[in-house]
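Data from upload_28.pdb: PDB, C-alpha atoms
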```
ATOM      1  CA  MET T  16    -106.505  66.301  58.723
ATOM      2  CA  SER T  17    -107.531  62.932  60.066
ATOM      3  CA  ASN T  18    -105.718  60.686  62.511
ATOM      4  CA  ASP T  19    -106.184  57.595  60.344
ATOM      5  CA  TRP T  20    -102.773  55.930  60.143
ATOM      6  CA  THR T  21    -103.687  53.592  57.264
ATOM      7  CA  THR T  22    -104.514  56.333  54.786
ATOM      8  CA  VAL T  23    -101.617  57.460  52.626
ATOM      9  CA  THR T  24    -101.899  60.342  50.205
ATOM     10  CA  VAL T  25     -99.360  60.603  47.396
ATOM     11  CA  LEU T  26     -99.284  63.772  45.386
ATOM     12  CA  ARG T  27     -98.143  63.929  41.753
ATOM     13  CA  LYS T  28     -96.656  60.453  41.344
ATOM     14  CA  LYS T  29     -95.782  59.985  37.682
ATOM     15  CA  PRO T  30     -96.650  56.678  36.008
ATOM     16  CA  LEU T  31     -93.710  54.472  35.009
ATOM     17  CA  LYS T  32     -92.391  54.752  31.496
ATOM     18  CA  PRO T  33     -92.615  51.584  29.363
ATOM     19  CA  SER T  34     -88.824  51.218  29.399
ATOM     20  CA  ALA T  35     -88.777  51.387  33.211
ATOM     21  CA  MET T  36     -91.428  48.668  33.427
ATOM     22  CA  LYS T  37     -89.078  46.272  31.625
ATOM     23  CA  THR T  38     -86.292  46.427  34.188
ATOM     24  CA  GLU T  39     -85.645  43.424  36.385
ATOM     25  CA  LYS T  40     -86.388  45.469  39.497
ATOM     26  CA  ALA T  41     -89.834  46.473  38.188
ATOM     27  CA  ILE T  42     -90.630  42.888  37.172
ATOM     28  CA  ASN T  43     -89.634  41.523  40.599
ATOM     29  CA  THR T  44     -91.691  44.218  42.346
ATOM     30  CA  ALA T  45     -94.728  43.335  40.241
ATOM     31  CA  ARG T  46     -94.276  39.637  41.038
ATOM     32  CA  ARG T  47     -94.113  40.380  44.776
ATOM     33  CA  GLN T  48     -97.360  42.351  44.511
ATOM     34  CA  GLY T  49     -99.065  39.440  42.761
ATOM     35  CA  VAL T  50     -99.518  41.215  39.439
ATOM     36  CA  PRO T  51     -99.499  38.748  36.522
ATOM     37  CA  VAL T  52     -96.241  39.213  34.615
ATOM     38  CA  GLU T  53     -95.753  37.897  31.103
ATOM     39  CA  THR T  54     -92.180  37.522  29.925
ATOM     40  CA  GLN T  55     -91.149  36.493  26.457
ATOM     41  CA  GLN T  56     -87.672  35.604  25.204
ATOM     42  CA  LYS T  57     -87.091  36.778  21.650
ATOM     43  CA  TRP T  58     -84.396  35.024  19.641
ATOM     44  CA  GLY T  59     -82.308  37.221  17.394
ATOM     45  CA  ALA T  60     -84.300  40.346  18.229
ATOM     46  CA  GLY T  61     -82.702  43.527  17.000
ATOM     47  CA  THR T  62     -80.289  41.746  14.677
ATOM     48  CA  ASN T  63     -80.167  41.405  10.947
ATOM     49  CA  LYS T  64     -80.743  37.667  10.829
ATOM     50  CA  GLN T  65     -82.297  36.842   7.505
ATOM     51  CA  HIS T  66     -81.002  33.339   6.998
ATOM     52  CA  VAL T  67     -83.239  30.394   7.597
ATOM     53  CA  THR T  68     -82.086  27.213   9.285
ATOM     54  CA  THR T  69     -80.534  24.953   6.691
ATOM     55  CA  LYS T  70     -80.902  21.214   6.403
ATOM     56  CA  ASN T  71     -77.326  20.998   7.647
ATOM     57  CA  THR T  72     -78.307  22.257  11.095
ATOM     58  CA  ALA T  73     -81.225  19.857  11.476
ATOM     59  CA  LYS T  74     -79.011  17.004  10.332
ATOM     60  CA  LEU T  75     -76.360  18.030  12.837
ATOM     61  CA  ASP T  76     -78.944  18.123  15.628
ATOM     62  CA  ARG T  77     -79.936  14.521  14.868
ATOM     63  CA  GLU T  78     -76.299  13.426  14.663
ATOM     64  CA  THR T  79     -74.925  11.703  17.738
ATOM     65  CA  GLU T  80     -71.344  10.802  16.895
ATOM     66  CA  GLU T  81     -69.290  13.092  14.695
ATOM     67  CA  LEU T  82     -70.489  16.656  15.247
ATOM     68  CA  LYS T  83     -69.205  18.644  12.288
ATOM     69  CA  HIS T  84     -70.912  20.879   9.754
ATOM     70  CA  ASP T  85     -70.174  20.475   6.071
ATOM     71  CA  LYS T  86     -67.607  22.975   4.829
ATOM     72  CA  VAL T  87     -67.254  24.730   1.503
ATOM     73  CA  THR T  88     -64.715  22.911  -0.688
ATOM     74  CA  LEU T  89     -61.383  24.542  -1.498
ATOM     75  CA  ASP T  90     -62.049  24.421  -5.262
ATOM     76  CA  LEU T  91     -65.277  26.395  -4.698
ATOM     77  CA  GLY T  92     -63.279  28.916  -2.651
ATOM     78  CA  LYS T  93     -60.731  29.270  -5.449
ATOM     79  CA  CYS T  94     -63.556  29.662  -7.986
ATOM     80  CA  ILE T  95     -65.124  32.483  -5.903
ATOM     81  CA  GLN T  96     -61.728  34.146  -5.489
ATOM     82  CA  GLN T  97     -60.908  34.029  -9.209
ATOM     83  CA  ALA T  98     -64.330  35.352 -10.234
ATOM     84  CA  ARG T  99     -64.079  38.128  -7.639
ATOM     85  CA  GLN T 100     -60.621  39.166  -8.835
ATOM     86  CA  ASN T 101     -61.737  39.075 -12.491
ATOM     87  CA  LYS T 102     -64.515  41.533 -11.609
ATOM     88  CA  GLY T 103     -61.994  43.701  -9.722
ATOM     89  CA  PHE T 104     -63.782  43.428  -6.359
ATOM     90  CA  SER T 105     -62.123  43.232  -2.970
ATOM     91  CA  GLN T 106     -63.631  40.852  -0.422
ATOM     92  CA  LYS T 107     -65.135  43.839   1.369
ATOM     93  CA  ASP T 108     -66.670  45.196  -1.882
ATOM     94  CA  LEU T 109     -68.201  41.841  -2.761
ATOM     95  CA  ALA T 110     -69.594  41.434   0.756
ATOM     96  CA  ALA T 111     -71.197  44.886   0.555
ATOM     97  CA  LYS T 112     -72.731  44.101  -2.855
ATOM     98  CA  ILE T 113     -74.381  40.889  -1.623
ATOM     99  CA  ASN T 114     -75.293  42.431   1.753
ATOM    100  CA  GLU T 115     -73.204  40.043   3.853
ATOM    101  CA  LYS T 116     -70.266  40.422   6.233
ATOM    102  CA  PRO T 117     -66.721  40.368   4.783
ATOM    103  CA  GLN T 118     -65.924  37.458   7.125
ATOM    104  CA  ILE T 119     -68.331  35.254   5.159
ATOM    105  CA  ILE T 120     -66.434  35.907   1.921
ATOM    106  CA  GLN T 121     -63.130  35.203   3.686
ATOM    107  CA  ASP T 122     -64.465  31.929   5.109
ATOM    108  CA  TYR T 123     -65.860  30.795   1.748
ATOM    109  CA  GLU T 124     -62.610  31.552  -0.081
ATOM    110  CA  ALA T 125     -60.545  29.776   2.605
ATOM    111  CA  GLY T 126     -62.792  26.690   2.465
ATOM    112  CA  LYS T 127     -63.931  27.162   6.065
ATOM    113  CA  GLY T 128     -67.467  28.479   5.517
ATOM    114  CA  ILE T 129     -70.643  26.471   6.020
ATOM    115  CA  PRO T 130     -72.411  26.318   2.642
ATOM    116  CA  ASN T 131     -75.579  28.390   2.555
ATOM    117  CA  GLN T 132     -77.660  28.232  -0.623
ATOM    118  CA  ILE T 133     -78.926  31.794  -0.172
ATOM    119  CA  VAL T 134     -75.398  33.217   0.033
ATOM    120  CA  LEU T 135     -74.196  31.045  -2.868
ATOM    121  CA  GLY T 136     -77.108  32.299  -4.988
ATOM    122  CA  LYS T 137     -76.205  35.924  -4.228
ATOM    123  CA  LEU T 138     -72.564  35.242  -5.088
ATOM    124  CA  GLU T 139     -73.537  33.589  -8.379
ATOM    125  CA  LYS T 140     -75.645  36.590  -9.411
ATOM    126  CA  GLN T 141     -73.000  39.143  -8.433
ATOM    127  CA  LEU T 142     -70.014  37.321  -9.926
ATOM    128  CA  GLY T 143     -71.819  35.941 -12.984
ATOM    129  CA  VAL T 144     -70.306  32.485 -12.401
ATOM    130  CA  LYS T 145     -71.974  29.177 -11.532
ATOM    131  CA  LEU T 146     -70.920  28.050  -8.062
ATOM    132  CA  ARG T 147     -73.294  25.103  -7.616
ATOM    133  CA  GLY T 148     -73.765  21.928  -9.630
ATOM    134  CA  LYS T 149     -71.507  20.223 -12.127
ATOM    135  CA  ASP T 150     -70.873  23.345 -14.276
ATOM    136  CA  ARG T 151     -69.017  25.043 -11.416
ATOM    137  CA  GLY T 152     -66.769  27.858 -12.585
ATOM    138  CA  LEU T 153     -68.519  28.464 -15.906
ATOM    139  CA  ALA T 154     -70.181  31.771 -16.728
ATOM    140  CA  LEU T 155     -73.857  32.088 -15.874
ATOM    141  CA  LEU T 156     -76.029  32.248 -18.944
ATOM    142  CA  PRO T 157     -78.717  34.936 -18.740
ATOM    143  CA  THR T 158     -82.163  33.416 -18.482
ATOM    144  CA  PRO T 159     -84.578  34.364 -21.277
ATOM    145  CA  GLY T 160     -86.955  37.121 -20.232
ATOM    146  CA  ALA T 161     -84.860  38.129 -17.227
ATOM    147  CA  LYS T 162     -84.624  41.818 -16.301
ATOM    148  CA  LYS T 163     -81.274  43.487 -16.655
TER     149      LYS T 163
END
```
Could you write out this structure as structure tokens?
Amino acid sequence: MSNDWTTVTVLRKKPLKPSAMKTEKAINTARRQGVPVETQQKWGAGTNKQHVTTKNTAKLDRETEELKHDKVTLDLGKCIQQARQNKGFSQKDLAAKINEKPQIIQDYEAGKGIPNQIVLGKLEKQLGVKLRGKDRGLALLPTPGAKK
């Protein structure tokens, strides 16, 4: 054994797990030691966000005065509700079939939802009714060569 006070021997120190390296304490310790630390903020990580930003949002960002999104019209909401009831679906059933939350169906039927072309397309396919354009409310005609 030596009398050197600057030498420290550590026996069996386990390396940190990756999850422990992500804690705020570990990051601050690394910064104090001068180790380069790279942090990255991920938006929507771990969520099921599959909708792209619509033109509405960009338009709203450029807007300076009246800050309001466009809403689904009441007649579109009534059209969705009638088609859904004709098919015998509840709001929850329809939401499950188009892979959306039931709240979206409720908002669309109440005329409160923000129109999203992706969601409207899914609703059209599931309900078999046109929801966009001037033929709103009429049955969708099957396209030639489409799979059933």
- For segment 91-93 of chain T, list every protein, DNA or RNA residue within 7 Å, evaluated using only C-alpha atoms, and leave out those in the same chain fewer than 5 positions away; present the list as a VMD selection string. chain T and resid 123 to 126 146
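When atom CA of Val87 of chain T is paired with atom CA of Asn101 of chain T, their separation reads 20.8 Å.
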Contacts of Gln106 of chain T at 10 Å or less, counting all atoms listed in the file, minus same-chain residues fewer than 5 places along, as a PDB file with C-alpha atoms, keeping the file's coordinate frame?
```pdb
ATOM      1  CA  GLN T  96     -61.728  34.146  -5.489  1.00  0.00           C
ATOM      2  CA  ARG T  99     -64.079  38.128  -7.639  1.00  0.00           C
ATOM      3  CA  GLN T 100     -60.621  39.166  -8.835  1.00  0.00           C
ATOM      4  CA  ALA T 111     -71.197  44.886   0.555  1.00  0.00           C
ATOM      5  CA  LYS T 112     -72.731  44.101  -2.855  1.00  0.00           C
ATOM      6  CA  LYS T 116     -70.266  40.422   6.233  1.00  0.00           C
ATOM      7  CA  PRO T 117     -66.721  40.368   4.783  1.00  0.00           C
ATOM      8  CA  GLN T 118     -65.924  37.458   7.125  1.00  0.00           C
ATOM      9  CA  ILE T 119     -68.331  35.254   5.159  1.00  0.00           C
ATOM     10  CA  ILE T 120     -66.434  35.907   1.921  1.00  0.00           C
ATOM     11  CA  GLN T 121     -63.130  35.203   3.686  1.00  0.00           C
ATOM     12  CA  GLU T 124     -62.610  31.552  -0.081  1.00  0.00           C
TER      13      GLU T 124
END
```
- Message: Counting all atoms listed in the file, which residue out of T:Gln97, T:Ala45, T:Lys32, T:Leu89 sits closest to Val144 of chain T?
- Response: T:Gln97
- Please, what distance in Å, to one decimal, runs between atom CA of Ala98 of chain T and atom CA of Lys83 of chain T? 28.5 Å
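Atom CA of Ile129 of chain T is found 19.3 Å from atom CA of Leu142 of chain T.
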Report as lines of an AutoDock Vina configuration file the centre and the edge lengths, in Å to one decimal, of the axis-aligned box holding every listed atom of segment 112-120 of chain T, padded by 5 Å on each side.
```
center_x = -70.6
center_y = 39.7
center_z = 2.1
size_x = 19.4
size_y = 18.8
size_z = 20.0
```
- Query: When the PyMOL selection byres ((chain T and resi 147-155) around 9) is applied to the file above, which residues end up in the set, as a ChimeraX atom specification?
  - Reply: /T:91,94-95,98,132,135-136,139-140,142-146,156-158
- Item | Contacts of Val52 of chain T within 12 Å, only C-alpha atoms, excl. fewer than 3 positions in-chain, as a VMD selection string | chain T and resid 36 to 37 39 41 to 49 55
